[in-house]
file protein.csv (CSV, C-alpha atoms)
chain,number,residue,atom,x,y,z
A,8,MET,CA,-4.6,53.3,83.2
A,9,ARG,CA,-6.1,56.5,84.6
A,10,PHE,CA,-2.8,58.2,84.0
A,11,LEU,CA,-2.8,57.2,80.3
A,12,ILE,CA,-6.4,58.2,79.9
A,13,LYS,CA,-5.9,61.6,81.6
A,14,ARG,CA,-2.8,62.2,79.5
A,15,ARG,CA,-4.7,61.6,76.3
A,16,LEU,CA,-7.7,63.6,77.3
A,17,GLN,CA,-5.6,66.6,78.2
A,18,ALA,CA,-3.4,66.3,75.1
A,19,GLU,CA,-6.5,66.3,72.9
A,20,ARG,CA,-8.0,69.2,75.0
A,21,VAL,CA,-11.0,67.1,75.8
A,22,GLN,CA,-10.1,67.8,79.4
A,23,LEU,CA,-8.6,71.2,80.3
A,24,LYS,CA,-5.4,71.4,82.3
A,25,ALA,CA,-5.3,73.2,85.6
A,26,ALA,CA,-2.4,74.3,87.9
A,27,VAL,CA,-3.0,71.3,90.2
A,28,ASP,CA,-4.5,69.0,87.6
A,29,ASN,CA,-1.9,68.8,84.8
A,30,TYR,CA,-0.3,65.6,83.5
A,31,ASP,CA,2.7,67.6,82.3
A,32,VAL,CA,3.7,68.2,85.9
A,33,CYS,CA,4.0,64.4,86.4
A,34,GLU,CA,6.7,64.2,83.8
A,35,VAL,CA,8.9,66.4,86.0
A,36,LEU,CA,8.7,64.0,88.9
A,37,PRO,CA,11.6,61.5,89.2
A,38,THR,CA,11.2,57.8,88.5
A,39,HIS,CA,14.3,56.5,90.3
A,40,MET,CA,14.4,53.6,87.9
A,41,SER,CA,18.2,53.2,88.2
A,42,GLU,CA,17.9,52.9,92.0
A,43,THR,CA,14.9,50.5,91.9
A,44,SER,CA,15.7,46.9,92.7
A,45,GLU,CA,15.6,44.3,89.9
A,46,ASP,CA,12.8,42.3,91.6
A,47,ARG,CA,10.7,45.4,91.9
A,48,LEU,CA,11.3,46.4,88.3
A,49,VAL,CA,10.2,43.0,87.1
A,50,MET,CA,7.0,43.3,89.1
A,51,TYR,CA,6.3,46.8,87.7
A,52,ALA,CA,7.0,45.5,84.1
A,53,GLN,CA,4.5,42.7,84.7
A,54,MET,CA,1.9,45.2,85.9
A,55,ALA,CA,2.7,47.4,82.8
A,56,SER,CA,2.1,44.4,80.6
A,57,ILE,CA,-1.3,43.9,82.1
A,58,VAL,CA,-2.1,47.6,81.5
A,59,GLN,CA,-1.0,47.2,77.9
A,60,GLN,CA,-3.3,44.2,77.3
A,61,MET,CA,-6.3,45.9,79.0
A,62,MET,CA,-6.0,49.0,76.9
A,63,ALA,CA,-4.7,49.4,73.3
A,64,PRO,CA,-1.7,47.0,72.9
A,65,ASP,CA,-0.4,48.9,69.8
A,66,GLU,CA,-0.5,52.3,71.6
A,67,VAL,CA,0.8,51.4,75.0
A,68,ASN,CA,4.5,51.1,75.6
A,69,VAL,CA,5.4,48.7,78.4
A,70,LYS,CA,8.7,50.5,79.3
A,71,GLU,CA,6.9,53.8,79.5
A,72,VAL,CA,4.2,52.5,81.7
A,73,THR,CA,6.8,50.8,83.9
A,74,GLN,CA,8.4,54.3,84.3
A,75,MET,CA,4.9,55.6,85.2
A,76,ILE,CA,4.6,53.0,88.0
A,77,CYS,CA,8.1,53.8,89.3
A,78,ARG,CA,7.1,57.5,89.3
A,79,PHE,CA,3.9,56.7,91.2
A,80,ALA,CA,5.7,54.5,93.7
A,81,CYS,CA,8.1,57.2,94.9
A,82,ASN,CA,5.9,60.3,94.6
A,83,ALA,CA,2.4,59.2,95.7
A,84,HIS,CA,0.8,59.9,99.0
A,85,THR,CA,-1.3,57.8,101.3
A,86,ILE,CA,-4.8,59.3,101.5
A,87,CYS,CA,-6.1,59.3,105.1
A,88,ASP,CA,-9.3,60.1,106.8
A,89,GLU,CA,-9.6,62.8,109.5
A,90,GLU,CA,-8.3,60.3,112.1
A,91,VAL,CA,-5.2,59.6,110.0
A,92,ARG,CA,-6.4,56.1,109.0
A,93,PRO,CA,-5.2,55.1,105.5
A,94,LEU,CA,-7.9,54.8,102.8
A,95,GLY,CA,-5.9,54.6,99.6
A,96,THR,CA,-3.1,56.1,97.5
A,97,GLY,CA,-3.1,59.1,95.2
A,98,LEU,CA,-0.6,61.1,93.2
A,99,TYR,CA,-0.8,64.9,93.7
A,100,PRO,CA,2.0,66.1,91.4
A,101,VAL,CA,2.2,69.7,92.8
A,102,ILE,CA,2.4,68.4,96.4
A,103,SER,CA,4.9,65.8,95.3
A,104,ILE,CA,7.3,68.7,94.6
A,105,VAL,CA,7.3,69.6,98.3
A,106,ASN,CA,10.4,68.3,100.0
A,107,HIS,CA,10.7,66.2,103.2
A,108,SER,CA,11.9,67.2,106.6
A,109,CYS,CA,11.8,65.3,109.9
A,110,VAL,CA,11.0,68.7,111.4
A,111,PRO,CA,8.2,69.7,108.9
A,112,ASN,CA,6.6,73.1,108.9
A,113,ALA,CA,3.5,71.8,107.2
A,114,VAL,CA,1.2,68.8,107.2
A,115,LEU,CA,-0.8,67.1,104.4
A,116,HIS,CA,-4.5,67.0,105.2
A,117,PHE,CA,-7.2,65.2,103.2
A,118,ASP,CA,-10.8,66.1,102.8
A,119,GLY,CA,-12.1,63.1,100.9
A,120,ASN,CA,-9.6,62.7,98.0
A,121,ARG,CA,-8.8,66.4,98.1
A,122,ALA,CA,-5.4,67.2,99.5
A,123,ALA,CA,-4.3,70.4,101.2
A,124,LEU,CA,-1.1,71.6,102.8
A,125,ARG,CA,-1.6,73.2,106.2
A,126,ALA,CA,1.0,75.3,107.9
A,127,LEU,CA,2.1,74.2,111.4
A,128,GLU,CA,3.8,77.5,112.2
A,129,ASP,CA,4.1,81.1,111.0
A,130,THR,CA,6.1,80.9,107.9
A,131,GLN,CA,8.0,83.9,106.4
A,132,GLU,CA,8.1,84.6,102.7
A,133,GLY,CA,10.9,82.7,101.1
A,134,THR,CA,10.9,79.9,103.6
A,135,GLU,CA,10.8,76.4,102.1
A,136,ILE,CA,7.6,74.4,102.8
A,137,THR,CA,8.3,70.9,104.0
A,138,ILE,CA,6.3,67.9,105.1
A,139,SER,CA,7.2,64.5,106.5
A,140,TYR,CA,7.2,61.5,104.1
A,141,VAL,CA,7.6,58.9,106.9
A,142,GLU,CA,6.6,58.1,110.5
A,143,LEU,CA,8.2,60.7,112.8
A,144,ALA,CA,8.0,58.5,115.9
A,145,ALA,CA,11.2,56.7,115.0
A,146,SER,CA,15.0,56.9,115.5
A,147,THR,CA,17.1,58.7,113.0
A,148,ASN,CA,18.5,55.5,111.5
A,149,THR,CA,14.9,54.1,111.2
A,150,ARG,CA,13.6,57.2,109.5
A,151,ARG,CA,16.6,57.4,107.2
A,152,LYS,CA,16.2,53.7,106.2
A,153,ALA,CA,12.5,54.2,105.4
A,154,LEU,CA,13.3,57.3,103.2
A,155,ARG,CA,16.1,55.5,101.4
A,156,ASP,CA,14.0,52.4,100.7
A,157,GLN,CA,10.9,54.2,99.5
A,158,TYR,CA,12.2,57.6,98.2
A,159,TYR,CA,15.9,56.9,97.4
A,160,PHE,CA,17.5,59.8,99.3
A,161,ASP,CA,19.4,60.4,102.6
A,162,CYS,CA,17.8,63.0,104.9
A,163,ASN,CA,20.1,65.7,106.3
A,164,CYS,CA,17.5,67.8,108.0
A,165,ILE,CA,18.2,69.5,111.3
A,166,ARG,CA,16.8,66.6,113.3
A,167,CYS,CA,18.8,64.0,111.3
A,168,SER,CA,22.0,66.1,111.5
A,169,ARG,CA,21.8,65.8,115.3
A,170,LEU,CA,22.6,62.1,115.1
A,171,VAL,CA,26.3,62.6,115.8
A,172,THR,CA,25.6,64.9,118.8
A,173,ARG,CA,24.7,63.9,122.4
A,174,GLU,CA,21.3,65.5,122.0
A,175,GLY,CA,20.6,63.3,119.0
A,176,SER,CA,21.8,60.2,120.7
A,177,ARG,CA,19.6,60.9,123.7
A,178,GLU,CA,16.5,61.4,121.5
A,179,ASP,CA,17.1,58.1,119.7
A,180,ALA,CA,17.7,56.4,123.0
A,181,PHE,CA,14.3,57.5,124.3
A,182,LEU,CA,12.5,56.4,121.0
A,183,GLU,CA,14.1,53.1,120.3
A,184,GLY,CA,16.5,52.5,123.2
A,185,TYR,CA,16.5,49.9,125.9
A,186,GLY,CA,15.5,50.7,129.5
A,187,CYS,CA,17.8,51.0,132.4
A,188,VAL,CA,18.2,47.8,134.4
A,189,ASN,CA,17.4,49.9,137.5
A,190,SER,CA,13.6,49.9,137.4
A,191,ASP,CA,13.6,53.1,139.4
A,192,CYS,CA,15.6,55.0,136.8
A,193,ASN,CA,14.3,56.4,133.6
A,194,GLY,CA,17.6,57.5,132.1
A,195,PRO,CA,18.4,56.9,128.4
A,196,LEU,CA,20.9,54.2,127.5
A,197,ILE,CA,23.7,55.3,125.2
A,198,GLU,CA,26.6,53.4,123.6
A,199,ASP,CA,29.5,52.6,125.9
A,200,PRO,CA,32.6,53.2,123.7
A,201,GLY,CA,34.9,50.2,123.4
A,202,SER,CA,32.3,47.6,124.7
A,203,ASP,CA,29.3,45.7,123.6
A,204,LYS,CA,27.2,47.3,126.3
A,205,VAL,CA,25.1,50.4,126.6
A,206,ILE,CA,25.3,52.7,129.7
A,207,CYS,CA,22.6,54.7,131.5
A,208,GLU,CA,23.3,58.4,131.2
A,209,VAL,CA,21.7,59.0,134.7
A,210,CYS,CA,22.8,56.2,137.0
A,211,GLY,CA,25.7,54.8,135.0
A,212,LEU,CA,24.6,51.1,135.1
A,213,LYS,CA,25.5,49.1,132.0
A,214,ARG,CA,23.3,46.7,130.0
A,215,GLU,CA,24.3,43.8,127.7
A,216,VAL,CA,23.2,44.6,124.2
A,217,GLN,CA,23.3,41.2,122.4
A,218,GLN,CA,21.3,39.4,125.2
A,219,THR,CA,18.7,42.2,125.2
A,220,LYS,CA,18.4,42.1,121.4
A,221,SER,CA,17.7,38.3,121.5
A,222,ALA,CA,15.0,38.9,124.1
A,223,ALA,CA,13.5,41.7,122.0
A,224,LYS,CA,13.3,39.5,119.0
A,225,GLU,CA,11.3,36.9,120.9
A,226,VAL,CA,8.9,39.5,122.1
A,227,GLU,CA,8.4,40.7,118.4
A,228,LEU,CA,7.0,37.2,117.6
A,229,ASP,CA,4.5,37.6,120.4
A,230,VAL,CA,3.5,41.1,119.1
A,231,LEU,CA,2.9,39.6,115.6
A,232,GLU,CA,0.8,36.8,117.1
A,233,ALA,CA,-1.2,39.3,119.3
A,234,SER,CA,-1.8,41.5,116.2
A,235,ASN,CA,-3.1,38.5,114.2
A,236,LEU,CA,-5.5,37.6,117.1
A,237,TYR,CA,-6.8,41.2,117.2
A,238,ALA,CA,-7.3,41.1,113.4
A,239,ALA,CA,-9.2,37.9,113.7
A,240,GLY,CA,-11.5,39.5,116.3
A,241,LYS,CA,-10.3,37.4,119.2
A,242,LEU,CA,-10.3,40.3,121.6
A,243,GLU,CA,-9.8,38.4,124.9
A,244,SER,CA,-6.9,36.4,123.6
A,245,ALA,CA,-5.3,39.4,122.0
A,246,ARG,CA,-5.6,41.4,125.1
A,247,ARG,CA,-4.1,38.7,127.2
A,248,LEU,CA,-1.1,38.3,124.9
A,249,TYR,CA,-0.6,42.0,124.5
A,250,SER,CA,-0.6,42.3,128.3
A,251,GLU,CA,2.1,39.7,128.5
A,252,VAL,CA,4.0,41.5,125.8
A,253,GLU,CA,3.7,44.8,127.7
A,254,ALA,CA,5.1,43.2,130.9
A,255,LYS,CA,8.1,41.9,128.9
A,256,GLN,CA,8.6,45.2,127.1
A,257,ARG,CA,8.7,47.2,130.3
A,258,LYS,CA,11.8,45.1,131.3
A,259,LEU,CA,13.4,45.7,127.8
A,260,TRP,CA,12.6,49.2,126.5
A,261,HIS,CA,12.6,52.7,127.8
A,262,PRO,CA,9.2,53.8,129.2
A,263,TYR,CA,8.9,56.4,126.3
A,264,SER,CA,10.0,53.9,123.6
A,265,VAL,CA,8.0,53.5,120.4
A,266,PRO,CA,7.6,49.6,120.9
A,267,LEU,CA,6.0,50.2,124.3
A,268,LEU,CA,3.9,53.0,122.9
A,269,ARG,CA,2.6,50.8,120.1
A,270,THR,CA,1.6,48.1,122.6
A,271,HIS,CA,-0.2,50.6,124.8
A,272,ASP,CA,-2.0,51.9,121.7
A,273,ALA,CA,-3.0,48.3,120.8
A,274,LEU,CA,-4.3,47.7,124.3
A,275,LEU,CA,-6.2,51.0,124.2
A,276,LYS,CA,-8.0,50.0,121.0
A,277,ILE,CA,-8.9,46.5,122.4
A,278,CYS,CA,-10.2,47.9,125.6
A,279,MET,CA,-12.3,50.4,123.7
A,280,ASP,CA,-13.7,47.6,121.5
A,281,MET,CA,-14.5,45.7,124.7
A,282,GLU,CA,-16.0,48.8,126.2
A,283,ASP,CA,-13.7,48.5,129.2
A,284,TRP,CA,-13.5,52.3,129.5
A,285,ALA,CA,-11.5,52.4,132.8
A,286,SER,CA,-8.7,50.3,131.4
A,287,ALA,CA,-8.8,52.2,128.1
A,288,LEU,CA,-8.3,55.5,130.0
A,289,GLU,CA,-5.3,54.0,131.9
A,290,PHE,CA,-3.6,52.9,128.7
A,291,CYS,CA,-4.4,56.2,126.9
A,292,GLN,CA,-2.9,58.2,129.8
A,293,SER,CA,0.2,56.1,129.7
A,294,THR,CA,0.8,57.0,126.0
A,295,ILE,CA,0.6,60.8,126.4
A,296,PRO,CA,4.2,61.4,127.6
A,297,ALA,CA,5.6,59.2,124.9
A,298,TYR,CA,3.4,60.9,122.2
A,299,GLU,CA,4.6,64.3,123.5
A,300,ARG,CA,8.2,63.2,123.2
A,301,ALA,CA,7.9,61.4,119.9
A,302,TYR,CA,5.8,63.9,117.9
A,303,PRO,CA,6.0,67.6,117.2
A,304,PRO,CA,3.7,69.9,119.2
A,305,PHE,CA,1.4,70.3,116.2
A,306,SER,CA,1.1,66.7,115.1
A,307,PRO,CA,-2.3,65.4,114.0
A,308,LEU,CA,-1.6,62.1,115.9
A,309,LEU,CA,-0.9,64.0,119.1
A,310,GLY,CA,-4.1,66.0,118.7
A,311,LEU,CA,-6.1,62.9,118.1
A,312,GLN,CA,-4.6,61.2,121.2
A,313,TYR,CA,-5.5,64.2,123.3
A,314,PHE,CA,-9.1,64.0,121.9
A,315,THR,CA,-9.3,60.3,122.8
A,316,LEU,CA,-8.1,60.9,126.3
A,317,GLY,CA,-10.5,63.8,126.8
A,318,LYS,CA,-13.5,61.8,125.7
A,319,LEU,CA,-12.5,58.9,128.0
A,320,GLN,CA,-12.1,61.3,131.0
A,321,TRP,CA,-15.5,62.9,130.3
A,322,LEU,CA,-17.1,59.5,129.9
A,323,LEU,CA,-15.8,58.4,133.3
A,324,GLY,CA,-17.1,61.5,135.0
A,325,ASP,CA,-13.9,63.6,135.3
A,326,SER,CA,-15.3,66.5,133.3
A,327,ALA,CA,-12.8,69.1,134.7
A,328,LYS,CA,-9.8,67.1,133.5
A,329,ALA,CA,-11.6,66.4,130.3
A,330,VAL,CA,-12.0,70.1,129.6
A,331,ASN,CA,-8.2,70.7,130.0
A,332,THR,CA,-7.4,67.8,127.7
A,333,LEU,CA,-9.9,68.7,125.1
A,334,ARG,CA,-8.6,72.2,125.0
A,335,LYS,CA,-5.1,70.8,124.2
A,336,ALA,CA,-6.7,68.7,121.5
A,337,TYR,CA,-8.5,71.8,120.1
A,338,THR,CA,-5.2,73.8,120.0
A,339,VAL,CA,-3.6,71.1,117.8
A,340,ILE,CA,-6.5,70.0,115.6
A,341,GLN,CA,-7.6,73.5,114.6
A,342,VAL,CA,-4.1,73.9,113.1
A,343,THR,CA,-3.7,70.4,111.6
A,344,HIS,CA,-7.3,69.9,110.3
A,345,GLY,CA,-8.6,73.4,109.9
A,346,SER,CA,-11.8,75.2,111.0
A,347,LYS,CA,-14.0,73.5,108.5
A,348,SER,CA,-13.0,70.0,109.6
A,349,GLU,CA,-15.9,67.7,110.7
A,350,LEU,CA,-13.5,66.3,113.4
A,351,LEU,CA,-13.0,69.8,114.8
A,352,HIS,CA,-16.7,70.4,114.9
A,353,GLY,CA,-17.2,67.2,116.8
A,354,LEU,CA,-14.4,68.1,119.2
A,355,THR,CA,-15.9,71.6,119.7
A,356,SER,CA,-19.3,70.0,120.6
A,357,THR,CA,-17.7,67.6,123.0
A,358,LEU,CA,-15.7,70.4,124.7
A,359,GLN,CA,-18.8,72.6,125.0
A,360,GLU,CA,-20.7,69.8,126.7
A,361,ALA,CA,-17.9,69.0,129.1
A,362,GLN,CA,-17.6,72.8,130.0
A,363,ALA,CA,-21.3,72.9,130.6
A,364,GLU,CA,-21.1,69.9,132.9
A,365,VAL,CA,-18.2,71.5,134.9
A,366,ALA,CA,-20.2,74.8,135.2
A,367,TYR,CA,-23.3,72.8,136.4
A,368,LYS,CA,-21.3,70.9,139.0
A,369,ARG,CA,-19.8,74.2,140.3
A,370,SER,CA,-23.3,75.7,140.6
A,371,LEU,CA,-24.4,72.7,142.7
A,372,ILE,CA,-21.4,73.2,145.0
A,373,ASN,CA,-22.1,76.9,145.4
A,374,GLN,CA,-25.7,76.1,146.2
A,375,THR,CA,-24.8,73.7,149.0
A,376,HIS,CA,-22.5,76.4,150.5
call {"tool": "encode", "arguments": {"input": "protein.csv", "output": "structure tokens"}}
result
Amino acid sequence: MRFLIKRRLQAERVQLKAAVDNYDVCEVLPTHMSETSEDRLVMYAQMASIVQQMMAPDEVNVKEVTQMICRFACNAHTICDEEVRPLGTGLYPVISIVNHSCVPNAVLHFDGNRAALRALEDTQEGTEITISYVELAASTNTRRKALRDQYYFDCNCIRCSRLVTREGSREDAFLEGYGCVNSDCNGPLIEDPGSDKVICEVCGLKREVQQTKSAAKEVELDVLEASNLYAAGKLESARRLYSEVEAKQRKLWHPYSVPLLRTHDALLKICMDMEDWASALEFCQSTIPAYERAYPPFSPLLGLQYFTLGKLQWLLGDSAKAVNTLRKAYTVIQVTHGSKSELLHGLTSTLQEAQAEVAYKRSLINQTH
């Protein structure tokens, strides 16, 4: 409805067009109607019919509105707050022209409902600007499936092209691969040609795939139940079940795997809600190596995890470690969020207080000597 109203206002020059606020740009964006499933098209047509009835039935074309909804579905962006928590969805037609890469050189940042692209590296003139459309902490096949389902294309970026190489196989084995049956070995498990097993690249031990998959599916049901308990506010029960899940996952997945990372993140949130800061610190520390492997060096999610770890270290009295961690967070967040970000201002304040505490402790030590 807002699309239709904006189009009319701009067509009748009641509302002026601008470079980034111009309905005509929307018409350039693809609809992918031919690739959209029949069930989804029926749902969109029903939504379009409701729009027609709510506005002017004689002036609104159901097919045209269905096309609009298709266009929105595969070109819109999730609007997030500064901590990358989703708030809603919006269409930014100029930004929608920016292509995807699993190794992006820019990130989409929101200030309220205002969207801005922020460069993640020095970019030469003529270099294509790219952002990520999907969660980057995922294997190549998982990322490609998400892109195909939502945006109807196959990604052939540098990272995805490595799938057929040993380097690509190793990366995916860390992210979504099973752990070695030798608990003292952290080697990645790769396919063993000609068998239904995977083999550890470090120690050479093999693992049965089908049996491990069955165990993983059972654990997924426990994860769903634990998530529902947390959503219902049953923190003790959720923590207990997530702890059981974590113990099972340690026997199934690689220590840097995404499933184990998500469980540690869930336990971190529960412990913080319960104000069990020591346990929260332990879980947060356990996520850092996985975050550093799963995300690019300048990822907002990595910066936020550093920030959380630094605050917990400071809260529990380890101000020296907190300063080092908060500096890492600052290095990332000043790039991903910008100097005017409220989050960066809060981080700067926390860092300055931690630095002052370190200086004070040193002065006391010097006085005693």
call {"tool": "atom_distance", "arguments": {"input": "protein.csv", "atom1": "CA of Leu124 in chain A", "atom2": "CA of Arg9 in chain A"}}
result
24.2 Å
call {"tool": "residues_around", "arguments": {"input": "protein.csv", "residues": "range 77-86 of chain A", "least_positions_apart": "4", "cutoff": "7 Å", "atoms": "only C-alpha atoms", "output": "ChimeraX atom specification"}}
result
/A:36-40,73,93-99,103,117,120,157-158
call {"tool": "closest_residue", "arguments": {"input": "protein.csv", "among": "A:Asp191, A:Asp46, A:Asp31, A:Asp65", "to": "Arg257 in chain A", "atoms": "only C-alpha atoms"}}
result
A:Asp191
call {"tool": "residues_around", "arguments": {"input": "protein.csv", "residues": "Ser146 in chain A", "least_positions_apart": "6", "cutoff": "7 Å", "atoms": "all atoms listed in the file", "output": "PyMOL selection string"}}
result
chain A and resi 179+182-183
call {"tool": "atom_distance", "arguments": {"input": "protein.csv", "atom1": "CA of Cys109 in chain A", "atom2": "CA of Thr147 in chain A"}}
result
9.0 Å
call {"tool": "decode", "arguments": {"input": "protein.csv", "residues": "range 122-138 of chain A", "atoms": "C-alpha atoms", "output": "PDB file, in the first residue's frame"}}
result
ATOM      1  CA  ALA A 122      20.502   2.562   5.636  1.00  0.00           C
ATOM      2  CA  ALA A 123      24.142   3.201   4.785  1.00  0.00           C
ATOM      3  CA  LEU A 124      26.882   1.165   3.135  1.00  0.00           C
ATOM      4  CA  ARG A 125      30.166   1.155   5.025  1.00  0.00           C
ATOM      5  CA  ALA A 126      33.417   0.016   3.401  1.00  0.00           C
ATOM      6  CA  LEU A 127      35.259  -2.817   5.150  1.00  0.00           C
ATOM      7  CA  GLU A 128      38.531  -2.216   3.328  1.00  0.00           C
ATOM      8  CA  ASP A 129      40.295   0.337   1.174  1.00  0.00           C
ATOM      9  CA  THR A 130      38.525   0.170  -2.176  1.00  0.00           C
ATOM     10  CA  GLN A 131      40.057   1.307  -5.450  1.00  0.00           C
ATOM     11  CA  GLU A 132      38.019   3.245  -7.997  1.00  0.00           C
ATOM     12  CA  GLY A 133      36.301   0.837 -10.366  1.00  0.00           C
ATOM     13  CA  THR A 134      36.071  -1.967  -7.797  1.00  0.00           C
ATOM     14  CA  GLU A 135      32.591  -3.454  -7.439  1.00  0.00           C
ATOM     15  CA  ILE A 136      30.968  -2.865  -4.037  1.00  0.00           C
ATOM     16  CA  THR A 137      29.489  -6.051  -2.569  1.00  0.00           C
ATOM     17  CA  ILE A 138      27.612  -6.977   0.599  1.00  0.00           C
TER      18      ILE A 138
END
